[in-house]
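With compact mmCIF, C-alpha atoms inside, this is model.txt:
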# COMPACT_ATOMS: atom_id res chain seq x y z
CA MET G 1 31.89 225.65 -18.90
CA GLN G 2 31.13 224.62 -15.35
CA THR G 3 27.89 222.72 -14.66
CA SER G 4 25.40 224.81 -12.74
CA TYR G 5 23.32 223.20 -10.05
CA LYS G 6 20.26 224.96 -11.44
CA GLN G 7 20.68 223.98 -15.09
CA PRO G 8 17.88 221.90 -16.61
CA GLY G 9 18.82 218.24 -16.66
CA TYR G 10 21.28 218.50 -13.77
CA ASP G 11 20.97 215.41 -11.61
CA SER G 12 22.41 216.05 -8.14
CA THR G 13 22.19 212.36 -7.24
CA LYS G 14 24.22 211.36 -10.28
CA HIS G 15 26.70 214.15 -9.57
CA ALA G 16 27.11 213.11 -5.91
CA LEU G 17 27.59 209.43 -6.80
CA SER G 18 30.02 210.31 -9.58
CA ASN G 19 32.14 212.44 -7.23
CA PHE G 20 32.00 209.75 -4.56
CA LEU G 21 33.17 207.01 -6.90
CA LYS G 22 35.89 209.18 -8.51
CA LYS G 23 37.66 209.53 -5.16
CA GLY G 24 38.56 205.84 -5.19
CA ARG G 25 40.17 204.27 -2.17
CA ILE G 26 41.30 206.35 0.77
CA GLY G 27 45.08 206.70 0.75
CA ALA G 28 45.52 204.53 -2.35
CA GLN G 29 46.08 205.11 -6.04
CA THR G 30 43.65 202.54 -7.45
CA PRO G 31 39.85 202.72 -7.29
CA LYS G 32 37.81 200.03 -5.56
CA THR G 33 36.75 196.97 -7.49
CA PRO G 34 33.06 196.49 -8.34
CA LYS G 35 32.88 193.70 -5.73
CA GLN G 36 34.27 196.00 -3.02
CA LEU G 37 31.83 198.75 -3.99
CA GLU G 38 28.97 196.26 -3.88
CA ARG G 39 29.85 195.29 -0.31
CA HIS G 40 29.78 198.92 0.82
CA LEU G 41 26.60 199.78 -1.08
CA LYS G 42 24.77 196.73 0.25
CA GLY G 43 25.92 197.74 3.70
CA VAL G 44 23.67 200.81 3.65
CA ALA G 45 20.85 199.34 1.57
CA ASN G 46 18.32 199.29 4.43
CA HIS G 47 16.46 202.00 6.33
CA TRP G 48 17.64 200.67 9.72
CA ARG G 49 21.27 200.74 8.58
CA ILE G 50 20.95 204.25 7.22
CA GLY G 51 19.50 205.35 10.57
CA ILE G 52 22.30 203.60 12.47
CA LEU G 53 24.95 205.16 10.21
CA ARG G 54 23.48 208.63 10.82
CA LEU G 55 23.36 208.09 14.58
CA VAL G 56 26.93 206.83 14.77
CA ALA G 57 28.05 209.83 12.71
CA ALA G 58 26.23 212.20 15.08
CA GLN G 59 27.33 210.44 18.30
CA SER G 60 30.69 208.77 17.91
CA GLY G 61 31.13 206.00 20.49
CA ILE G 62 27.39 205.32 20.76
CA THR G 63 26.30 201.99 22.26
CA LEU G 64 23.70 199.63 20.83
CA GLU G 65 21.37 200.37 23.74
CA VAL G 66 21.35 204.08 22.85
CA ILE G 67 20.89 203.25 19.16
CA CYS G 68 17.83 201.14 20.04
CA LYS G 69 16.39 203.91 22.19
CA ASN G 70 16.87 206.59 19.52
CA LEU G 71 15.57 204.52 16.61
CA LYS G 72 12.83 202.86 18.67
CA GLY G 73 13.82 199.44 17.40
CA GLU G 74 14.28 195.98 18.84
CA TYR G 75 17.72 195.13 20.22
CA LYS G 76 18.07 191.94 18.17
CA THR G 77 17.03 193.64 14.91
CA LEU G 78 19.39 196.58 15.33
CA SER G 79 22.19 194.31 16.50
CA VAL G 80 22.00 192.37 13.21
CA HIS G 81 21.95 195.57 11.13
CA THR G 82 24.87 197.03 13.09
CA GLN G 83 26.83 193.85 12.48
CA ARG G 84 26.15 194.14 8.75
CA LEU G 85 27.53 197.70 8.79
CA VAL G 86 30.63 196.35 10.54
CA HIS G 87 30.96 193.60 7.93
CA ALA G 88 30.60 196.18 5.14
CA GLY G 89 33.50 198.14 6.62
CA LEU G 90 31.43 201.24 7.43
CA VAL G 91 31.27 200.96 11.23
CA GLU G 92 33.79 199.64 13.71
CA LYS G 93 33.23 198.33 17.22
CA LYS G 94 35.44 199.01 20.22
CA TYR G 95 34.93 197.04 23.39
CA LYS G 96 35.05 199.11 26.56
CA GLY G 97 34.36 197.12 29.70
CA ASN G 98 30.92 195.54 29.38
CA SER G 99 29.76 197.87 26.61
CA VAL G 100 30.54 198.12 22.92
CA GLU G 101 31.06 201.53 21.33
CA HIS G 102 30.46 202.15 17.64
CA PHE G 103 32.46 204.49 15.41
CA LEU G 104 32.43 205.30 11.70
CA THR G 105 35.34 204.07 9.64
CA PRO G 106 36.83 206.40 7.02
CA TYR G 107 34.58 204.74 4.42
CA GLY G 108 31.62 205.10 6.76
CA LYS G 109 32.32 208.83 6.97
CA ARG G 110 32.42 209.08 3.19
CA PHE G 111 29.16 207.17 2.84
CA HIS G 112 27.57 209.41 5.45
CA ASP G 113 28.69 212.47 3.46
CA PHE G 114 27.28 210.84 0.32
CA LEU G 115 23.92 210.22 2.03
CA LYS G 116 23.81 213.83 3.23
CA ALA G 117 24.08 214.94 -0.41
CA PHE G 118 20.54 213.68 -1.00
Would you kindly transcribe this structure into structure tokens?
Amino acid sequence: MQTSYKQPGYDSTKHALSNFLKKGRIGAQTPKTPKQLERHLKGVANHWRIGILRLVAAQSGITLEVICKNLKGEYKTLSVHTQRLVHAGLVEKKYKGNSVEHFLTPYGKRFHDFLKAF
């Protein structure tokens, strides 16, 4: 019997996380290690980072200046949080002249999809 989304006791958060983790690594046979998962999960464990991830998903190639304007945050603060998303492997930077454009990585896209499930 298939689980209904309206059944009593159905937890959509648990279902979304379970589906997300079952997919394992992109293009690989083995799932991620707990340490790798921790790095990605810690990468989005902040309201600024969630906002940045959503903006980058909506506007691929967005610069830090535009991120600051949209989120109404300080440049230095958002720069640190953007760097943490890069370190977590969820966002990548591409240098174009004097500006830096931000794009979601494949894992960043999956995390964004996961966050949309809430």
Which of these, G:Arg39, G:His81, G:Lys109, G:Lys96, has the shortest distance to Ala58 in chain G once you count all atoms listed in the file?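 Result for the nearest residue to Ala58 in chain G: G:Lys109.
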Closest of G:Trp48, G:Leu37, G:Ala117, G:Asn98 to Tyr75 in chain G - atom-to-atom distances counting all atoms listed in the file: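 Comparing G:Trp48, G:Leu37, G:Ala117, G:Asn98 against Tyr75 in chain G, the winner is G:Trp48.
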In Å to one decimal, how far is CA of Ile52 in chain G from CA of Thr82 in chain G?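 Straight-line distance from CA of Thr82 in chain G to CA of Ile52 in chain G works out to 7.1 Å.
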As an exercise, work out the distance from CA of Gly108 in chain G to CA of Gly89 in chain G in Å and give it to one decimal place.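 These atoms are spaced 7.2 Å apart.
CA of Lys42 in chain G to CA of Phe103 in chain G spans 18.7 Å [interatomic distance, one decimal].
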Residue among G:Lys93, G:Gly73, G:Glu101, G:Val44 lying closest to Phe114 in chain G, counting all atoms listed in the file: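 Using all atoms listed in the file, the shortest distance to Phe114 in chain G belongs to G:Val44.
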Leu55 in chain G: which residues within 9 Å, counting only C-alpha atoms, same-chain residues fewer than 6 positions away excluded, as a PyMOL selection string? chain G and resi 62+67+70-71
